[in-house]
Amino acid sequence: FTASLLLGTTLTISSNHWIMAWAGLEINTLAILPMISKSHHPRAIEAATKYFLTQATASALLLFSSMINAWQTGQWDITQLTNPTSCLILTSAIAMKLGLVPFHFWFPEVLQGTPLTTGLLLSTLMKFPPITLLYMTSPSLNPTVLTSMAILSTALGGWMGLNQTQIRKILAFSSISHLGWMTIIISYNPKLTLLNFYLYALMTTATFLTLHSTKASKLSTLMTTWTKAPALNAALLLTLLSLAGLPPLTGFLPKWLIIQELTKQDMA
Amino acid sequence: MDLSLVLNTFTLLTLTTLSTPIIFPLLSDSLKNTPSTITNTVKASFLISLIPMTIHIHSGSESLITLWEWKFIMTFKIPISLKLDFYSLTFLPIALFVSWSILQFATWYMASDPHATKFFTYLLLFLIAMLTLIVANNLFVLFIGWEGVGVMSFLLISWWHGRAEANTAALQAILYNRVGDVGLILCLAWLAYTTNTWEIQQLNSPHQTPTLPLLGLILAATGKSAQFGLHPWLPAAMEGPTPVSALLHSSTMVVAGIFLLIRTHPLLSSNQTAMTTCLCLGALSTLFAATCALTQNDIKKIIAFSTSSQLGLMMVTIGLNLPQLAFLHISTHAFFKAMLFLCSGSIIHNLNGEQDIRKMGGLQKMLPTTTSCLTIGNLALMGTPFLAGFYSKDQIIECLNTSYLNSWALILTLLATSFTAVYTIRMTVLVQTGFTRIPPLTPMNENNPAITSPITRLALGSIMAGLLITSYITPTKTPPMTMPLSIKITALVITILGIIIALELSKLTQTLILTKQTPLYNFSTSLGYFNLLTHRLTTKTLLTGGQNIASHLVDLSWYKLLGPEGLANLQLTTTKTITTLHSGLIKAYLSSFALSLLIILMSAH
């Protein structure tokens, strides 16, 4: 299943025809579904179902948008997405795939239902193709829509994360808010989006793997991890702070650059 | 012979002689002070200071000595300079004479005190601070002296610090003085800001000075000279030993406020509001103090209130635009007030600590020197013709009568003058005449020259000083020469009226009728309810206000509502609302997706 995942991702990334991109995304979805529902726990099944439904909708919308564009402009090139309607539909499709507000409702529950490693894959690897598509089509996307979705994501991710006790849900919301940061800068400086994504992927990988090794899934479990592996716990502390974006740590870098870019664009 | 050089040299010599008892013990262990050495130092200082005064009277030479310039800020110079003009050169010998007599008296009064030398050192420090204030040309140096006398007053009033009332009284003195200091600092700040100098000889305003700094000055004088409003500390300051009361609270410190007003007179004279304030404040103070003195039973308190009343009279003189006359009254008042205090001190010690005049009587036969000097002092206080008080007091009342100013102030002052006569005669009658009411076995004698010579010296001063000063000094403003007969003898008539009333009232003590508690009597006895009203109310309000601010405002509202907790609470409401939105139902989610998609498509077209 991992192989098919990798296949799907590579396919999407390296394509410049919409059908290929769509196919890659479908392969990804299908491949990850059994991984989510590996444990046959009802919650996992529920998560898989939710995931499938949302992702299917998103892929359909993607196809739809590329077809409208093809109908209007007569070509299937990814970077040449010029029709406004199809841009909008594409934006919402990718938002659904990524988990941006208002299309984010599936994300926390799906992440909650998956084992930690699969959750990691969900957060990082599965985000990669959609972000690539966004990157490739960024010049023609509507900034207003993107900005509003991004701001809502950041805010909502923060607020929701406050009231959680399950670590995976917290991580889901942190992912949502990071995605917000990534999206806000994409119309102005897409490279920063990529930077943000890479750093985020790094930090989340670290967090997920730490949590996986200590088998902590709730906050209450997290309290007692220090007895199992004290050094790891300290490392987790630093990583979490970095995720939060505290200045001397790496997580601050993308935030700083994004804000700088936004001020140049007269927005912050 | 260069007269100005002699003038300067001898003044500086005076001041240095005074500071020797402070410096010498620090230099060597064998040069310790004793009360008698300090007394002799002050006597020597006095004799030296007579020379500059004579030079001034002879040739009218004044001088300005600049010692050092404190270059703290480059654009604002603070030269430490001494101004030796009429006021300072005349007051210097007077202050030193009075201090010498008091110190000599104190060698007897404080003989049984274990820390007598420290007491004398404190008195000397006070004297130095006072003289700094007098000769200062720069308001900054004056302020140093001002604060110095305040601090020394605090230390001296609480000399018997085991006594709770003494400590309270000292605190009162400091607090009330501090409130006055605010006014002085306000004026200093204004001067530095507008005229860029603190020198007294540069204090000239051709046009009107704004009222605010002048009110600050008047506030300072109110605090220091115990005018109405900041007055309770003066009667309370009688907790200190009698030499302290004699030196500080009769002749020198309390006139510091009036002296400040005399020095800054060029600023004050142009502003009518300030003048009227002085006038009315002074009139009010003098009447209030005289009223309170009517029913006091403690001999020192009676004299304290009479000081307060005379200070009010000095303030009235300032308000009449007659600084020189006020200074004259300061000088003459110093003599007889100090003498009154010394006499009362002698009486108190001889009666083994008794201060209540209802328990004294018939002392004329037992303490002849003391009581005769007491009588002289009282007559001088009342303004008996040709004693010292007459020259200043009578002239003040004449000027008040013939001026076209406030008649309310005039009436109050005249009333106060008659009250002065009343309580003075009351005190004299109860203390000196009649049957004696003291405990039988009280040994008393006044054979010690340490008692008799200061008192007689001051008595001589009380008689001669008025004559001497007025003969030798030409007044800067011509006193009113012509006035109707009734105006001329007003002061005299009122005083005699007061005497008659007092003699009538004093007969009550021999008839043994219990005095009824009428409201008027209560007003006078409880010092006009002022202490009762203000001391509790103001302090309680301020302290509870402070506590409210600290606990309610800072702790409860800022930290809880607006600060950290408030922010947290804000997030909490939003979080709760949003959590309920995430229900977990996929149908709801998908429908919300569809809705959002529609909205996006709609909004973009």
# chains A, B, ... in the order shown; residues from 1 in each chain; ligands from 1
>>> residues_around(residues="Arg178 (chain B)", least_positions_apart="2", cutoff="12 Å", atoms="only C-alpha atoms", output="list in words")
Trp146, Glu147, Val149, Gly150, Val151, Phe154, Leu171, Gln172, Ala173, Ile174, Leu175, Tyr176, Gly180, Asp181, Val182, Gly183, Leu184, Ile185, Leu219, Ala220, Ala221, Thr222, Gly223, Lys224, Leu230 and Trp233 of chain B
>>> closest_atom_pairs(of="chain B", to="chain A", cutoff="7 Å", atoms="only C-alpha atoms", output="CSV")
residue,atom,partner,partner_atom,distance
B:Gln571,CA,A:Trp159,CA,7.0
B:Thr574,CA,A:Trp159,CA,6.9
B:Thr575,CA,A:Trp159,CA,5.1
B:Ile578,CA,A:Met160,CA,6.6
B:Thr579,CA,A:Met160,CA,6.3
B:His582,CA,A:Phe105,CA,6.7
B:Ile586,CA,A:Lys50,CA,6.6
B:Tyr589,CA,A:Phe105,CA,6.1
B:Phe593,CA,A:Phe103,CA,5.8
B:Ser596,CA,A:Pro102,CA,6.8
B:Leu597,CA,A:Ser92,CA,6.6
B:Leu601,CA,A:Leu88,CA,6.7
>>> closest_residue(among="A:Leu111, A:Leu25, A:Ile167, A:Leu195", to="Tyr135 (chain A)", atoms="only C-alpha atoms")
A:Leu195
>>> select_by_dssp(residues="region 253-433 of chain B", states="alpha helix (DSSP H)", output="PyMOL selection string")
chain B and resi 254-263+265-268+272-294+299-319+323-350+363-366+368-382+388-389+395-402+407-432
>>> residues_around(residues="Val98 (chain B)", least_positions_apart="6", cutoff="12 Å", atoms="only C-alpha atoms", output="PyMOL selection string")
chain B and resi 39+42-43+45-46+91-92+104-105+127+243+246-248+250-252+331-342+454-462
>>> residues_around(residues="Ala166 (chain B)", least_positions_apart="3", cutoff="8 Å", atoms="only C-alpha atoms", output="list in words")
Ile157, Ser158, Trp159, Trp160, His161, Gly162, Arg163, Ala169, Ala170, Ala237, Glu239 and Gly240 of chain B
>>> closest_residue(among="A:Leu134, A:Leu171, A:Ala150, A:Ile45", to="Leu116 (chain A)", atoms="only C-alpha atoms")
A:Leu171
>>> atom_distance(atom1="CA of Leu27 (chain B)", atom2="CA of Phe126 (chain B)")
21.2 Å
>>> residues_around(residues="Asn33 (chain B)", least_positions_apart="3", cutoff="12 Å", atoms="only C-alpha atoms", output="PyMOL selection string")
chain B and resi 20-26+28-30+36-41+115-121+124
>>> residues_around(residues="Leu415 (chain B)", least_positions_apart="3", cutoff="12 Å", atoms="only C-alpha atoms", output="PDB file with N, CA, C and O atoms, in the first residue's frame")
ATOM      1  N   ALA B 283      -6.249  86.993  58.637  1.00  0.00           N
ATOM      2  CA  ALA B 283      -7.277  87.430  59.580  1.00  0.00           C
ATOM      3  C   ALA B 283      -7.989  86.231  60.180  1.00  0.00           C
ATOM      4  O   ALA B 283      -8.233  86.173  61.399  1.00  0.00           O
ATOM      5  N   LEU B 284      -8.299  85.265  59.331  1.00  0.00           N
ATOM      6  CA  LEU B 284      -8.982  84.066  59.809  1.00  0.00           C
ATOM      7  C   LEU B 284      -8.124  83.318  60.823  1.00  0.00           C
ATOM      8  O   LEU B 284      -8.601  82.908  61.887  1.00  0.00           O
ATOM      9  N   SER B 285      -6.826  83.177  60.486  1.00  0.00           N
ATOM     10  CA  SER B 285      -5.949  82.443  61.399  1.00  0.00           C
ATOM     11  C   SER B 285      -5.860  83.129  62.730  1.00  0.00           C
ATOM     12  O   SER B 285      -5.925  82.485  63.788  1.00  0.00           O
ATOM     13  N   THR B 286      -5.714  84.444  62.690  1.00  0.00           N
ATOM     14  CA  THR B 286      -5.493  85.126  63.957  1.00  0.00           C
ATOM     15  C   THR B 286      -6.732  85.034  64.836  1.00  0.00           C
ATOM     16  O   THR B 286      -6.627  84.759  66.037  1.00  0.00           O
ATOM     17  N   LEU B 287      -7.915  85.171  64.218  1.00  0.00           N
ATOM     18  CA  LEU B 287      -9.108  85.077  65.044  1.00  0.00           C
ATOM     19  C   LEU B 287      -9.312  83.669  65.570  1.00  0.00           C
ATOM     20  O   LEU B 287      -9.650  83.453  66.739  1.00  0.00           O
ATOM     21  N   PHE B 288      -9.096  82.684  64.695  1.00  0.00           N
ATOM     22  CA  PHE B 288      -9.317  81.301  65.081  1.00  0.00           C
ATOM     23  C   PHE B 288      -8.413  80.916  66.245  1.00  0.00           C
ATOM     24  O   PHE B 288      -8.857  80.333  67.241  1.00  0.00           O
ATOM     25  N   ALA B 289      -7.136  81.270  66.108  1.00  0.00           N
ATOM     26  CA  ALA B 289      -6.189  80.910  67.166  1.00  0.00           C
ATOM     27  C   ALA B 289      -6.543  81.599  68.470  1.00  0.00           C
ATOM     28  O   ALA B 289      -6.486  81.003  69.549  1.00  0.00           O
ATOM     29  N   ALA B 290      -6.931  82.876  68.366  1.00  0.00           N
ATOM     30  CA  ALA B 290      -7.264  83.600  69.587  1.00  0.00           C
ATOM     31  C   ALA B 290      -8.493  82.995  70.247  1.00  0.00           C
ATOM     32  O   ALA B 290      -8.564  82.891  71.481  1.00  0.00           O
ATOM     33  N   THR B 291      -9.475  82.567  69.419  1.00  0.00           N
ATOM     34  CA  THR B 291     -10.662  81.937  69.994  1.00  0.00           C
ATOM     35  C   THR B 291     -10.305  80.662  70.726  1.00  0.00           C
ATOM     36  O   THR B 291     -10.814  80.381  71.810  1.00  0.00           O
ATOM     37  N   SER B 309      -1.713  83.107  66.570  1.00  0.00           N
ATOM     38  CA  SER B 309      -2.468  84.322  66.323  1.00  0.00           C
ATOM     39  C   SER B 309      -1.561  85.436  65.808  1.00  0.00           C
ATOM     40  O   SER B 309      -1.896  86.152  64.850  1.00  0.00           O
ATOM     41  N   LEU B 313      -1.409  87.592  62.266  1.00  0.00           N
ATOM     42  CA  LEU B 313      -1.276  89.040  62.159  1.00  0.00           C
ATOM     43  C   LEU B 313      -0.164  89.402  61.181  1.00  0.00           C
ATOM     44  O   LEU B 313      -0.299  90.328  60.369  1.00  0.00           O
ATOM     45  N   ILE B 397      -2.174  97.672  63.033  1.00  0.00           N
ATOM     46  CA  ILE B 397      -3.614  97.903  63.130  1.00  0.00           C
ATOM     47  C   ILE B 397      -3.974  99.280  62.592  1.00  0.00           C
ATOM     48  O   ILE B 397      -5.016  99.449  61.951  1.00  0.00           O
ATOM     49  N   TRP B 408     -13.823  93.076  56.353  1.00  0.00           N
ATOM     50  CA  TRP B 408     -14.051  91.849  57.116  1.00  0.00           C
ATOM     51  C   TRP B 408     -12.766  91.434  57.819  1.00  0.00           C
ATOM     52  O   TRP B 408     -12.762  91.088  58.994  1.00  0.00           O
ATOM     53  N   ALA B 409     -11.648  91.535  57.067  1.00  0.00           N
ATOM     54  CA  ALA B 409     -10.357  91.212  57.664  1.00  0.00           C
ATOM     55  C   ALA B 409     -10.070  92.131  58.832  1.00  0.00           C
ATOM     56  O   ALA B 409      -9.555  91.715  59.881  1.00  0.00           O
ATOM     57  N   LEU B 410     -10.448  93.399  58.661  1.00  0.00           N
ATOM     58  CA  LEU B 410     -10.225  94.368  59.720  1.00  0.00           C
ATOM     59  C   LEU B 410     -10.977  93.977  60.983  1.00  0.00           C
ATOM     60  O   LEU B 410     -10.415  93.953  62.087  1.00  0.00           O
ATOM     61  N   ILE B 411     -12.246  93.636  60.808  1.00  0.00           N
ATOM     62  CA  ILE B 411     -13.067  93.301  61.980  1.00  0.00           C
ATOM     63  C   ILE B 411     -12.505  92.076  62.683  1.00  0.00           C
ATOM     64  O   ILE B 411     -12.379  92.033  63.916  1.00  0.00           O
ATOM     65  N   LEU B 412     -12.128  91.067  61.892  1.00  0.00           N
ATOM     66  CA  LEU B 412     -11.585  89.852  62.492  1.00  0.00           C
ATOM     67  C   LEU B 412     -10.321  90.149  63.282  1.00  0.00           C
ATOM     68  O   LEU B 412     -10.117  89.642  64.387  1.00  0.00           O
ATOM     69  N   SER B 418      -8.563  91.903  70.667  1.00  0.00           N
ATOM     70  CA  SER B 418      -9.188  91.951  71.991  1.00  0.00           C
ATOM     71  C   SER B 418      -9.126  90.585  72.661  1.00  0.00           C
ATOM     72  O   SER B 418      -8.889  90.473  73.870  1.00  0.00           O
ATOM     73  N   PHE B 419      -9.309  89.518  71.869  1.00  0.00           N
ATOM     74  CA  PHE B 419      -9.191  88.180  72.437  1.00  0.00           C
ATOM     75  C   PHE B 419      -7.795  87.940  72.988  1.00  0.00           C
ATOM     76  O   PHE B 419      -7.636  87.262  74.012  1.00  0.00           O
ATOM     77  N   THR B 420      -6.792  88.485  72.278  1.00  0.00           N
ATOM     78  CA  THR B 420      -5.428  88.355  72.777  1.00  0.00           C
ATOM     79  C   THR B 420      -5.336  88.889  74.194  1.00  0.00           C
ATOM     80  O   THR B 420      -4.795  88.244  75.092  1.00  0.00           O
ATOM     81  N   ALA B 421      -5.913  90.080  74.344  1.00  0.00           N
ATOM     82  CA  ALA B 421      -5.883  90.671  75.672  1.00  0.00           C
ATOM     83  C   ALA B 421      -6.591  89.763  76.673  1.00  0.00           C
ATOM     84  O   ALA B 421      -6.089  89.529  77.786  1.00  0.00           O
ATOM     85  N   VAL B 422      -7.743  89.205  76.249  1.00  0.00           N
ATOM     86  CA  VAL B 422      -8.533  88.379  77.166  1.00  0.00           C
ATOM     87  C   VAL B 422      -7.731  87.183  77.658  1.00  0.00           C
ATOM     88  O   VAL B 422      -7.576  86.969  78.865  1.00  0.00           O
ATOM     89  N   THR B 490      -7.780 102.867  68.357  1.00  0.00           N
ATOM     90  CA  THR B 490      -8.615 101.652  68.260  1.00  0.00           C
ATOM     91  C   THR B 490      -7.970 100.484  68.968  1.00  0.00           C
ATOM     92  O   THR B 490      -8.596  99.825  69.805  1.00  0.00           O
ATOM     93  N   ALA B 491      -6.723 100.244  68.637  1.00  0.00           N
ATOM     94  CA  ALA B 491      -6.059  99.064  69.194  1.00  0.00           C
ATOM     95  C   ALA B 491      -6.048  99.137  70.711  1.00  0.00           C
ATOM     96  O   ALA B 491      -6.331  98.156  71.407  1.00  0.00           O
ATOM     97  N   VAL B 493      -8.007 100.849  72.712  1.00  0.00           N
ATOM     98  CA  VAL B 493      -9.350 100.718  73.300  1.00  0.00           C
ATOM     99  C   VAL B 493      -9.789  99.264  73.332  1.00  0.00           C
ATOM    100  O   VAL B 493     -10.294  98.765  74.340  1.00  0.00           O
ATOM    101  N   ILE B 494      -9.554  98.605  72.222  1.00  0.00           N
ATOM    102  CA  ILE B 494      -9.987  97.210  72.163  1.00  0.00           C
ATOM    103  C   ILE B 494      -9.253  96.370  73.191  1.00  0.00           C
ATOM    104  O   ILE B 494      -9.822  95.481  73.831  1.00  0.00           O
ATOM    105  N   THR B 495      -7.963  96.641  73.342  1.00  0.00           N
ATOM    106  CA  THR B 495      -7.197  95.871  74.318  1.00  0.00           C
ATOM    107  C   THR B 495      -7.726  96.099  75.717  1.00  0.00           C
ATOM    108  O   THR B 495      -7.906  95.157  76.496  1.00  0.00           O
ATOM    109  N   LEU B 497     -10.672  96.993  76.566  1.00  0.00           N
ATOM    110  CA  LEU B 497     -11.958  96.305  76.637  1.00  0.00           C
ATOM    111  C   LEU B 497     -11.762  94.835  76.959  1.00  0.00           C
ATOM    112  O   LEU B 497     -12.428  94.260  77.830  1.00  0.00           O
ATOM    113  N   GLY B 498     -10.787  94.239  76.267  1.00  0.00           N
ATOM    114  CA  GLY B 498     -10.495  92.845  76.506  1.00  0.00           C
ATOM    115  C   GLY B 498     -10.055  92.582  77.923  1.00  0.00           C
ATOM    116  O   GLY B 498     -10.459  91.607  78.565  1.00  0.00           O
TER     117      GLY B 498
END
>>> atom_distance(atom1="CA of Leu325 (chain B)", atom2="CA of Thr424 (chain B)")
23.4 Å
>>> atom_distance(atom1="CA of Ala256 (chain B)", atom2="CA of Leu125 (chain B)")
15.7 Å
>>> residues_around(residues="region 221-238 of chain A", least_positions_apart="3", cutoff="8 Å", atoms="only C-alpha atoms", output="VMD selection string")
chain A and resid 206 to 207 210 214 216 to 218 241 to 242
>>> closest_residue(among="A:Ile185, A:Ile170, A:Leu253, A:Ile94", to="Gln265 (chain A)", atoms="only C-alpha atoms")
A:Ile185
>>> closest_residue(among="A:Thr204, A:Thr193, A:Gly180, A:Thr10", to="Leu121 (chain A)", atoms="only C-alpha atoms")
A:Thr204
>>> closest_residue(among="B:Pro564, B:Asn378, B:Asn297, B:Ser88", to="Met53 (chain B)", atoms="only C-alpha atoms")
B:Ser88
>>> select_by_dssp(residues="region 74-277 of chain B", states="strand (DSSP E or B)", output="list in words")
Phe76, Lys77, Ile78, Pro79, Ile80, Ser81, Leu82, Lys83, Leu84, Ala136, Asn138 and Glu199 of chain B
>>> write_last_selection(atoms="C-alpha atoms", output="PDB file, in the first residue's frame")
ATOM      1  CA  PHE B  76      20.187  76.723  34.549  1.00  0.00           C
ATOM      2  CA  LYS B  77      22.632  78.034  37.089  1.00  0.00           C
ATOM      3  CA  ILE B  78      22.142  77.460  40.785  1.00  0.00           C
ATOM      4  CA  PRO B  79      24.640  79.660  42.577  1.00  0.00           C
ATOM      5  CA  ILE B  80      24.878  79.022  46.273  1.00  0.00           C
ATOM      6  CA  SER B  81      24.789  82.591  47.389  1.00  0.00           C
ATOM      7  CA  LEU B  82      24.019  84.532  50.529  1.00  0.00           C
ATOM      8  CA  LYS B  83      22.099  87.751  50.519  1.00  0.00           C
ATOM      9  CA  LEU B  84      23.054  90.109  53.304  1.00  0.00           C
ATOM     10  CA  ALA B 136      19.846  82.481  51.448  1.00  0.00           C
ATOM     11  CA  ASN B 138      18.893  81.384  46.122  1.00  0.00           C
ATOM     12  CA  GLU B 199      17.835  83.970  42.698  1.00  0.00           C
TER      13      GLU B 199
END
